[in-house]
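Content type compact mmCIF, C-alpha atoms, from the file final_34.txt:
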# COMPACT_ATOMS: atom_id res chain seq x y z
CA MET Z 19 56.40 140.58 13.33
CA ASN Z 20 55.94 142.44 16.60
CA VAL Z 21 54.96 139.19 18.31
CA ASN Z 22 58.07 137.44 17.02
CA ARG Z 23 60.24 140.34 18.16
CA TYR Z 24 58.62 140.21 21.59
CA LEU Z 25 59.24 136.47 21.84
CA LEU Z 26 62.85 136.94 20.73
CA TRP Z 27 63.51 139.63 23.34
CA THR Z 28 61.78 137.56 26.01
CA ALA Z 29 63.92 134.53 25.20
CA ALA Z 30 67.09 136.68 25.21
CA PHE Z 31 66.14 138.17 28.58
CA ILE Z 32 65.58 134.71 30.09
CA LEU Z 33 68.91 133.44 28.76
CA LEU Z 34 70.73 136.52 30.03
CA SER Z 35 69.10 136.22 33.46
CA ASN Z 36 70.13 132.56 33.70
CA ALA Z 37 73.68 133.42 32.63
CA VAL Z 38 73.97 136.18 35.25
CA GLU Z 39 72.60 133.86 37.93
CA THR Z 40 75.08 131.16 36.91
CA VAL Z 41 78.04 133.55 37.02
CA GLN Z 42 76.98 134.87 40.42
CA ALA Z 43 76.88 131.30 41.72
CA GLN Z 44 80.44 130.56 40.59
CA ASN Z 45 83.37 130.40 42.97
CA ILE Z 46 87.09 130.83 42.67
CA GLN Z 47 89.15 128.60 44.95
CA GLY Z 48 92.80 129.06 45.80
CA GLY Z 49 95.13 127.69 48.42
CA ILE Z 50 98.66 127.44 49.73
CA ASP Z 51 100.17 124.41 51.48
CA PHE Z 52 103.23 123.27 53.34
CA LEU Z 53 104.49 120.37 51.25
CA VAL Z 54 106.51 117.24 52.03
CA GLY Z 55 107.71 115.07 49.17
CA ALA Z 56 108.90 111.49 49.71
CA PRO Z 57 110.83 110.05 46.71
CA GLN Z 58 109.56 106.67 45.50
CA GLY Z 59 110.95 103.79 43.44
CA GLU Z 60 114.11 104.57 41.46
CA PHE Z 61 114.06 108.14 42.75
CA ARG Z 62 114.17 106.87 46.34
CA GLN Z 63 117.18 104.69 45.56
CA ASN Z 64 119.13 107.80 44.59
CA VAL Z 65 117.65 110.42 46.92
CA GLN Z 66 117.15 109.07 50.43
CA ARG Z 67 115.90 112.26 52.06
CA ASN Z 68 112.48 113.89 51.83
CA GLY Z 69 111.94 117.22 50.14
CA TYR Z 70 110.28 120.17 51.86
CA GLY Z 71 108.61 123.18 50.34
CA VAL Z 72 105.33 124.83 49.42
CA SER Z 73 102.58 124.35 46.89
CA GLY Z 74 99.63 126.36 45.71
CA HIS Z 75 96.57 125.97 43.54
CA VAL Z 76 93.93 128.16 41.98
CA GLY Z 77 90.87 127.02 40.12
CA PHE Z 78 87.27 127.37 39.11
CA ALA Z 79 84.90 125.64 41.56
CA PRO Z 80 81.21 126.36 40.92
CA GLU Z 81 79.25 126.24 44.15
CA LEU Z 82 76.40 124.25 42.61
CA ASN Z 83 78.62 121.59 41.02
CA PRO Z 84 80.95 119.13 42.80
CA PHE Z 85 84.26 119.81 41.03
CA LEU Z 86 87.26 122.11 40.77
CA ILE Z 87 89.38 122.57 37.67
CA GLY Z 88 92.58 124.58 37.78
CA ILE Z 89 96.35 124.51 38.06
CA GLU Z 90 98.73 123.44 40.84
CA ILE Z 91 102.36 124.36 41.32
CA GLY Z 92 104.71 122.92 43.93
CA TYR Z 93 108.30 123.57 44.93
CA LEU Z 94 110.54 121.26 46.99
CA ASN Z 95 114.14 121.45 48.11
CA TYR Z 96 115.51 117.91 48.24
CA GLY Z 97 119.15 118.66 49.01
CA SER Z 98 121.44 121.50 50.05
CA GLU Z 99 125.20 121.92 50.53
CA TYR Z 100 127.11 124.83 52.03
CA ARG Z 101 130.78 125.70 52.16
CA ARG Z 102 132.99 128.75 52.67
CA GLU Z 103 135.66 129.47 50.05
CA PRO Z 104 138.27 132.15 49.26
CA PHE Z 105 136.93 134.71 46.80
CA SER Z 106 139.66 133.73 44.33
CA THR Z 107 143.17 132.29 44.19
CA THR Z 108 144.55 135.83 43.99
CA ILE Z 109 142.38 137.15 46.84
CA PRO Z 110 142.46 134.33 49.40
CA ASP Z 111 141.96 136.71 52.32
CA VAL Z 112 138.36 137.44 51.26
CA THR Z 113 135.89 134.60 51.76
CA VAL Z 114 132.40 134.00 50.41
CA ASP Z 115 129.63 131.52 51.19
CA VAL Z 116 128.84 129.01 48.46
CA ARG Z 117 125.46 127.30 48.60
CA THR Z 118 124.18 124.55 46.29
CA ASN Z 119 120.46 123.70 46.23
CA ASN Z 120 118.73 120.75 44.57
CA ASN Z 121 115.24 121.83 43.57
CA PHE Z 122 112.09 120.07 42.43
CA LEU Z 123 109.36 122.07 40.67
CA ALA Z 124 106.06 120.56 39.52
CA LEU Z 125 103.30 122.17 37.47
CA HIS Z 126 100.04 120.33 36.82
CA PHE Z 127 96.58 120.88 35.47
CA ALA Z 128 94.27 119.48 38.12
CA LEU Z 129 90.72 118.22 38.45
CA ARG Z 130 89.16 117.70 41.86
CA ILE Z 131 85.87 116.00 42.51
CA GLN Z 132 84.68 117.70 45.66
CA PRO Z 133 81.55 119.12 47.30
CA ASN Z 134 81.73 122.90 47.30
CA THR Z 135 79.45 123.41 50.29
CA GLY Z 136 79.40 122.03 53.82
CA ASN Z 137 81.72 122.00 56.81
CA PHE Z 138 83.52 118.75 55.86
CA ARG Z 139 84.38 118.17 52.18
CA PRO Z 140 86.29 115.06 51.12
CA TYR Z 141 87.77 115.14 47.63
CA ILE Z 142 89.69 113.09 45.09
CA ALA Z 143 92.06 114.66 42.59
CA GLY Z 144 93.82 113.88 39.34
CA MET Z 145 96.55 115.89 37.68
CA VAL Z 146 98.72 115.94 34.57
CA GLY Z 147 101.72 118.12 33.79
CA GLY Z 148 105.47 118.01 34.31
CA ASN Z 149 108.35 117.76 36.80
CA TYR Z 150 111.31 120.12 36.49
CA LEU Z 151 114.46 119.39 38.50
CA PHE Z 152 117.30 121.88 38.65
CA THR Z 153 120.42 122.43 40.76
CA THR Z 154 121.80 125.90 41.38
CA THR Z 155 125.00 127.14 43.00
CA THR Z 156 125.01 130.62 44.51
CA ILE Z 157 127.81 132.76 45.92
CA GLU Z 158 126.61 134.83 48.88
CA ASN Z 159 128.20 137.67 50.79
CA ALA Z 160 129.68 136.04 53.92
CA ASN Z 161 128.63 139.03 56.05
CA ASN Z 162 125.16 139.30 54.48
CA PRO Z 163 123.78 135.92 53.27
CA SER Z 164 120.78 137.57 51.62
CA GLN Z 165 123.12 139.41 49.23
CA GLU Z 166 123.81 137.29 46.15
CA VAL Z 167 127.15 137.82 44.44
CA ALA Z 168 126.70 135.36 41.56
CA SER Z 169 124.59 132.34 40.67
CA SER Z 170 124.59 129.55 38.11
CA THR Z 171 122.31 126.66 37.18
CA ASN Z 172 124.45 123.53 37.19
CA ILE Z 173 121.94 121.23 35.52
CA SER Z 174 118.24 121.22 34.70
CA ASP Z 175 115.82 118.79 33.06
CA TRP Z 176 112.09 118.15 32.89
CA ALA Z 177 109.76 115.23 32.24
CA PHE Z 178 106.06 114.50 31.87
CA SER Z 179 104.25 113.58 35.08
CA TYR Z 180 100.76 112.65 36.22
CA GLY Z 181 99.07 111.28 39.30
CA GLY Z 182 96.21 111.39 41.72
CA GLY Z 183 95.23 111.46 45.35
CA GLY Z 184 92.73 112.81 47.78
CA GLY Z 185 92.08 114.65 50.98
CA PHE Z 186 89.48 116.73 52.72
CA LEU Z 187 88.61 120.34 53.46
CA ILE Z 188 87.34 121.54 56.84
CA ARG Z 189 85.62 124.92 56.98
CA LEU Z 190 87.28 127.23 59.52
CA TYR Z 191 85.51 130.51 58.82
CA SER Z 192 82.88 131.91 56.49
CA ARG Z 193 81.02 135.13 55.92
CA ASN Z 194 78.57 136.53 53.41
CA GLU Z 195 79.41 139.82 51.81
CA GLY Z 196 77.27 141.37 49.11
CA GLY Z 197 75.29 138.15 48.77
CA LYS Z 198 78.41 136.11 48.09
CA ASP Z 199 80.02 133.63 50.49
CA GLN Z 200 83.68 133.92 51.43
CA GLU Z 201 85.31 130.97 53.14
CA PHE Z 202 88.59 129.83 54.68
CA LEU Z 203 89.17 126.08 54.97
CA LEU Z 204 91.84 123.72 56.26
CA ASP Z 205 93.21 121.46 53.52
CA LEU Z 206 94.74 118.06 54.32
CA GLY Z 207 95.76 115.85 51.43
CA ALA Z 208 98.12 113.36 49.83
CA ARG Z 209 98.86 112.34 46.25
CA TYR Z 210 101.15 110.06 44.28
CA ILE Z 211 102.89 111.62 41.28
CA LEU Z 212 104.45 109.40 38.61
CA GLY Z 213 107.30 111.34 37.05
CA GLY Z 214 109.09 110.52 33.83
CA GLU Z 215 112.80 109.85 33.47
CA LEU Z 216 115.19 112.80 33.60
CA GLN Z 217 118.72 113.82 34.63
CA TYR Z 218 119.40 115.46 37.98
CA LEU Z 219 121.93 115.91 40.77
CA LYS Z 220 121.72 115.17 44.49
CA GLU Z 221 123.80 116.06 47.55
CA GLY Z 222 127.41 115.08 46.80
CA SER Z 223 126.94 114.91 43.03
CA ILE Z 224 129.26 117.88 42.39
CA ARG Z 225 132.98 117.19 42.74
CA ARG Z 226 135.80 119.66 42.41
CA GLU Z 227 139.15 118.25 41.32
CA ASN Z 228 142.26 120.17 40.23
CA GLY Z 229 140.32 123.33 39.49
CA SER Z 230 137.67 121.49 37.44
CA VAL Z 231 134.06 120.64 38.24
CA ILE Z 232 132.68 117.13 37.70
CA TYR Z 233 128.94 116.47 37.73
CA ASP Z 234 127.93 112.93 38.68
CA LYS Z 235 124.61 113.03 36.84
CA ILE Z 236 121.83 110.64 37.77
CA ARG Z 237 119.08 109.50 35.44
CA SER Z 238 115.89 107.86 36.70
CA LYS Z 239 112.16 108.21 37.01
CA THR Z 240 111.01 110.84 39.51
CA ASP Z 241 108.01 109.32 41.30
CA LEU Z 242 107.01 111.23 44.40
CA MET Z 243 104.55 110.81 47.26
CA GLN Z 244 103.32 114.19 48.44
CA PHE Z 245 101.73 115.16 51.75
CA MET Z 246 100.30 118.62 52.36
CA ILE Z 247 98.57 120.76 54.92
CA GLY Z 248 97.41 124.28 54.17
CA ILE Z 249 94.72 126.90 53.91
CA VAL Z 250 92.14 127.23 51.14
CA PHE Z 251 90.13 130.34 50.41
CA ARG Z 252 86.97 130.61 48.31
CA PHE Z 253 85.18 133.69 47.04
Take the structure I supplied and represent it as structure tokens, if you would.
Amino acid sequence: MNVNRYLLWTAAFILLSNAVETVQAQNIQGGIDFLVGAPQGEFRQNVQRNGYGVSGHVGFAPELNPFLIGIEIGYLNYGSEYRREPFSTTIPDVTVDVRTNNNFLALHFALRIQPNTGNFRPYIAGMVGGNYLFTTTTIENANNPSQEVASSTNISDWAFSYGGGGGFLIRLYSRNEGGKDQEFLLDLGARYILGGELQYLKEGSIRRENGSVIYDKIRSKTDLMQFMIGIVFRF
């Protein structure tokens, strides 16, 4: 009985030691990028300009295994209109700024196949999630544009999306603190996202006639080619 108990405790100690060693060897990776989105296919026929914005990711990237699994979120502005209007028909001597923005938001679960050590780390990536397009109109204080008077979402819609791409990481800086490496890396990448069909607006899609608002809604797939450059941190 005592021998069996000893063997049981020995086995538990070995398993616990291996688990602790595995956890200590794990890494969290996160990053933020400047993002350019080029509409493709049907989307390009309707939206001729590129979108600009930011993206970020965070994920689990074990140092001893060549992969990262996590989430990515990206925001693009693909159209903007500005005009100055009287505050109302009864107060025409007070003016406000009216700004309309066409926005593209994407959220994906992502898997990267990548080396997690070394100075130069090429990777390939796959992702699955959704695209969310929404147009907002905001009234701003003409003397203080950062002060919002009122805002409304004109239209919004979402669709399933998926895609893949690749890139590479270049280590810029690293240090070891408490036996754990901390790194900063340059991230250069591109990916093609196939977006499902949804309704959206573009620049010029909102018309105002005789006191009424008319939305010229567009419906198409939302394929997008993305290019990014940013900074990745690992700890």
Between CA of Arg117 in chain Z and CA of Leu151 in chain Z - distance in Å to one decimal | 16.9 Å
Considering all atoms listed in the file, return as a PyMOL selection string whatever protein or nucleic-acid residues lie within 8 Å of range 71-84 of chain Z, sequence-local ones (same chain, fewer than 2 positions apart) excluded.
-> chain Z and resi 43-54+69+86-95+131-135
Got a sec: who's within 7 Å of Pro140 in chain Z, counting all atoms listed in the file, leaving out chain neighbours fewer than 6 positions off, as a PyMOL selection string?
-> chain Z and resi 132+185-187
CA of Arg226 in chain Z and CA of Thr113 in chain Z, how far apart in Å?
->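 Interatomic distance here is 17.6 Å.
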Check the smallest atom-to-atom distance from each of Z:Ile157, Z:Ile173, Z:Ala56, Z:Ile249 to Lys235 in chain Z using only C-alpha atoms, then report the winner.
->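 When distances to Lys235 in chain Z are compared using only C-alpha atoms, the smallest one comes from Z:Ile173.
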Which of these, Z:Tyr180, Z:Asp175, Z:Gly207, Z:Ile142, has the shortest distance to Ile247 in chain Z once you count only C-alpha atoms?
->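 Looking at the shortest contact to Ile247 in chain Z, the residue is Z:Gly207.
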Selected residue of minimal separation from Pro57 in chain Z among Z:Gly222, Z:Pro104, Z:Gly248, Z:Gly213, counting all atoms listed in the file =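 Counting all atoms listed in the file, the residue closest to Pro57 in chain Z is Z:Gly213.
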